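Asks: One structure follows; several queries about it will come next.
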Number of protein chains: 2
Amino acid sequence: MIAYNEALELIKNEIEKLTLYKEEVDLLDSVNRILAEDVIADVDMPPFDNSAMDGYAIKFSKRKSWNIIGEVSAGNFSSFSIKEEDAVLITTGSKIPQSADTVVPVEDVVVEGKNLLLKGKTFLKKGINIRLKGNDISKGRIALNKYTKIDSKTIAVLASCGKEKVKVFPKLKAAILATGDELVPITKIPSGDKIRTSNTYAIYAAVKEMNYSPLMLGFVKDNEEIIQQKIKAAFGMNINTLITTGGVSVGKYDFLKEIFEKEGVKEIFWKVNIKPGKPFYFGVYEKKAKKILVFGLPGNPVSALVNFYVFIKPAINNMFHQKHISSITAVLQCDLKKKDSKRHFLRGILYEENSEWKVTSGFSQSSGNLVEMSRANCLIEIEEERRNPLKGEKVKCILM
Amino acid sequence: MIAYNEALELIKNEIEKLTLYKEEVDLLDSVNRILAEDVIADVDMPPFDNSAMDGYAIKFSKRKSWNIIGEVSAGNFSSFSIKEEDAVLITTGSKIPQSADTVVPVEDVVVEGKNLLLKGKTFLKKGINIRLKGNDISKGRIALNKYTKIDSKTIAVLASCGKEKVKVFPKLKAAILATGDELVPITKIPSGDKIRTSNTYAIYAAVKEMNYSPLMLGFVKDNEEIIQQKIKAAFGMNINTLITTGGVSVGKYDFLKEIFEKEGVKEIFWKVNIKPGKPFYFGVYEKKAKKILVFGLPGNPVSALVNFYVFIKPAINNMFHQKHISSITAVLQCDLKKKDSKRHFLRGILYEENSEWKVTSGFSQSSGNLVEMSRANCLIEIEEERRNPLKGEKVKCILM
């Protein structure tokens, strides 16, 4: 059994070794993908000096009144040569006429026919309200770094850099297989000691939420031969990741570890000192140029999903250098029980109240309780050395 | 000009009146959609009393040793009748044998052949480590409410409730049109006073990030006739929302407001007391059963995107009852300038340090600076009455 941090490092190490070829996609298809190249500004941004305001372009002097000689709007530049007594109406973003050097905002002037008068107390400064060419970024500089996530903000930069097509990392492809004699399809009413399969759906959704490609292999009974066939078939597929649930504990039907070994998977570790989800397995399958990460999650639905959140998700985010806000420190609103030296991940409800983050945890924390889990919005992480954290203490909450 | 809060309320009112028919999708296709029905548990969860631990099922007494008479694993129930001296090996989640009432965890026992011995100081309590039938939820109760977002946690509940197909709300369909004489396609190098079109890409991505359906109409020059044709055509499409950029200010090429009126759009408001994005327009087009929300964003790329984040996104989230964590209060790390009575939305970088949220804002805040905006992760909201907030003061940061 190894510690959580060690396990996470081992996964990160292996996941970083995956070879990911770049693919090129149309800009509109790149939303939510990760940039696989540095993108250079091929023009200055803005490409010309322009007005930061709706106002009047003038040549700075001590004057307080001007003659309006014309108008410039975005995309409708006229070549004015402005003298000290002239002013040109200009809209935000429009190119500054030659020899103008200052923009007086509309709020600060009174217009009377062709006369423009500065309002009483207005103080003008030379050069105000002009956005200089290249102020946002100069031509030739890096506008967006490799590993940037393409979203509404960054796609605007890509468009401005003329990137009709962008190089992005391919989506990780993860096959998902559940095992367990207790499982029945969701279309059946479970009887006796059976339950409906839910893990495959949960992990499928977890992979899809990260914008990767899940491949649903369904579930199989705890039959060594059948499981082995399924695993062998999965390794023949075009995937980077295989995620299984069940069969990694120590019961007489826990065949997965053995089957992985038979199929040539190199075990990196098995069992981590955490709760829930202790029997977590991680290995690597390699054959020629092919490399598949193998994650064996426990069969218990809450444990399986917690394992995904605390091992697989951070490791993938790390691989793609994604650093979003993923946790919030909050003040416990109730005492929590923790008597052992494991790292615990407890379901909680996190909220901000009077500028302070608080977290409650009224749940039974039973690792089978999916409805309870569905009502939580975070995992409260309690480190190994910590015992029974009390109301009022601070805890780290992983958003989910 | 109206206040921000008033504008937001007016949009919410109209957006709530949209008629959204439910659609039924396969469970696997429901990820990231919003549930349009309450989902009832059609079975107890768990469906039977089961073990919360790997351990031994016993009939509680004062004994400290037992004979192991068999084994139960998940999905492999055997009908044992347990006497006081008997114990049955049981794995987590497995059905508790008849007449057993307590599970002793594996950690608390020593096994010697068929003999099971309780470890020295272990204190047993009747009933421990058993998850009772219906403990998570009882049959007939609501497991998930309408408006729940379907994610990895909630899909597991849907699977457990046997929902092979689920009723979800349809995706909002938003057509996006940019206007402006200054715009050139992204494939061109802009010259003179032109810039590349970026708004359509940004708004397209913003709609897609929310998991709605964007429809790209591209951009047109500031030509009244052409814009009118485009708007008329858009109203003929199967959309709920039209989002335009540009043409809503007060320049001589700002035709949009007039065209909307000609085409029968009822103006709800125009101009909001905020910065950036003041000339924001909102109206409603209705014809027979058809209702289309019309959002006229300013042409300035930063203003357009800020308008989307502070008006359209919260209104849609409100309509679908989505209450994720969307803002964090943080301590300003620098002074900010704000001299007017508008509500400001400034680009900032938010981070947690020593359990405290902090926000910096080293940006020029020029509303044209897209590269700067792409490096921000929040909008710092400064209310109308507030002036020049100082380093050390608390501010609301909207995540983006």
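A note on labels: chains of the structure tokens are A, B, ... as shown, every chain counts residues from 1, and ligands are counted from 1 in their shown order.
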Using only C-alpha atoms, what does the table of chain B residues within 6 Å of chain A look like, with each row giving the shortest atom pair and its distance in Å to one decimal, sorted by chain and ascending number, as CSV?

Replies:
```
residue,atom,partner,partner_atom,distance
B:Val31,CA,A:Ala205,CA,5.9
B:Ala74,CA,A:Glu182,CA,5.3
B:Gly75,CA,A:Glu182,CA,3.5
B:Lys95,CA,A:Asp193,CA,5.7
B:Asp136,CA,A:Asn369,CA,5.2
B:Ser152,CA,A:Ala202,CA,4.4
B:Lys153,CA,A:Ser374,CA,5.0
B:Thr154,CA,A:Ser374,CA,5.2
B:Ile155,CA,A:Ala202,CA,5.9
B:Ala156,CA,A:Ser198,CA,4.9
B:Ala159,CA,A:Ser198,CA,5.3
B:Ser160,CA,A:Arg196,CA,5.4
B:Gly162,CA,A:Ile186,CA,4.6
B:Asp181,CA,A:Gly75,CA,4.5
B:Glu182,CA,A:Gly75,CA,3.5
B:Ile186,CA,A:Gly162,CA,4.6
B:Thr187,CA,A:Gly162,CA,5.5
B:Asp193,CA,A:Gly75,CA,5.6
B:Lys194,CA,A:Gly75,CA,5.7
B:Arg196,CA,A:Ser160,CA,5.5
B:Ser198,CA,A:Ala156,CA,4.9
B:Ala202,CA,A:Ser152,CA,4.4
B:Ala205,CA,A:Ser152,CA,4.7
B:Ala206,CA,A:Ser152,CA,4.9
B:Thr329,CA,A:Ser355,CA,5.5
B:Ser355,CA,A:Thr329,CA,5.5
B:Asn369,CA,A:Asp136,CA,5.2
B:Ser374,CA,A:Lys153,CA,4.9
```

Asks: Near Gln228 of chain A, counting only C-alpha atoms, which residues have an atom at most 10 Å away, once you skip same-chain residues fewer than 2 positions from it, shown as a ChimeraX atom specification?

Replies: /A:223-226,230-234,255-256,258-260,262-263

Asks: At a cut-off of 9 Å, using only C-alpha atoms, what residues contact Leu172 of chain B? Leave out same-chain residues fewer than 6 positions from it and give the result as a ChimeraX atom specification.

Replies: /B:20,207,211-214,239-241,316

Asks: Can you tell me, as a ChimeraX atom specification, which residues in segment 152-285 of chain A count as helix (DSSP H, G or I) by DSSP?

Replies: /A:152-160,199-209,224-235,256-262

Asks: Need the shell around Ile69 of chain B: protein/DNA/RNA residues with any atom at most 7 Å away, counting only C-alpha atoms. Skip same-chain ones fewer than 3 positions apart. Format as a list of chain:residue names?

Replies: B:Asp86, B:Ala87, B:Val88

Asks: So which one's closest to Ala57 of chain B, B:Ile268, B:Val25, B:Ile128, B:Ile380? Using only C-alpha atoms, please.

Replies: B:Ile128

Asks: Show which residues sit within 7 Å of segment 275-280 of chain B, as a list in words. Count only C-alpha atoms, and ignore same-chain residues fewer than 5 positions away.

Replies: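 My list of contacting residues is Val248, Ser249, Trp270, Gly296, Leu297, Pro298, Ser303, Ala304, Asn307, Lys342, Arg343, His344, Phe345 and Ser367 of chain B.
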
Asks: Tell me, in Å to one decimal, how far atom CA of Pro105 of chain A is from atom CA of Thr179 of chain B.

Replies: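 Here the two named atoms are 23.9 Å from each other.
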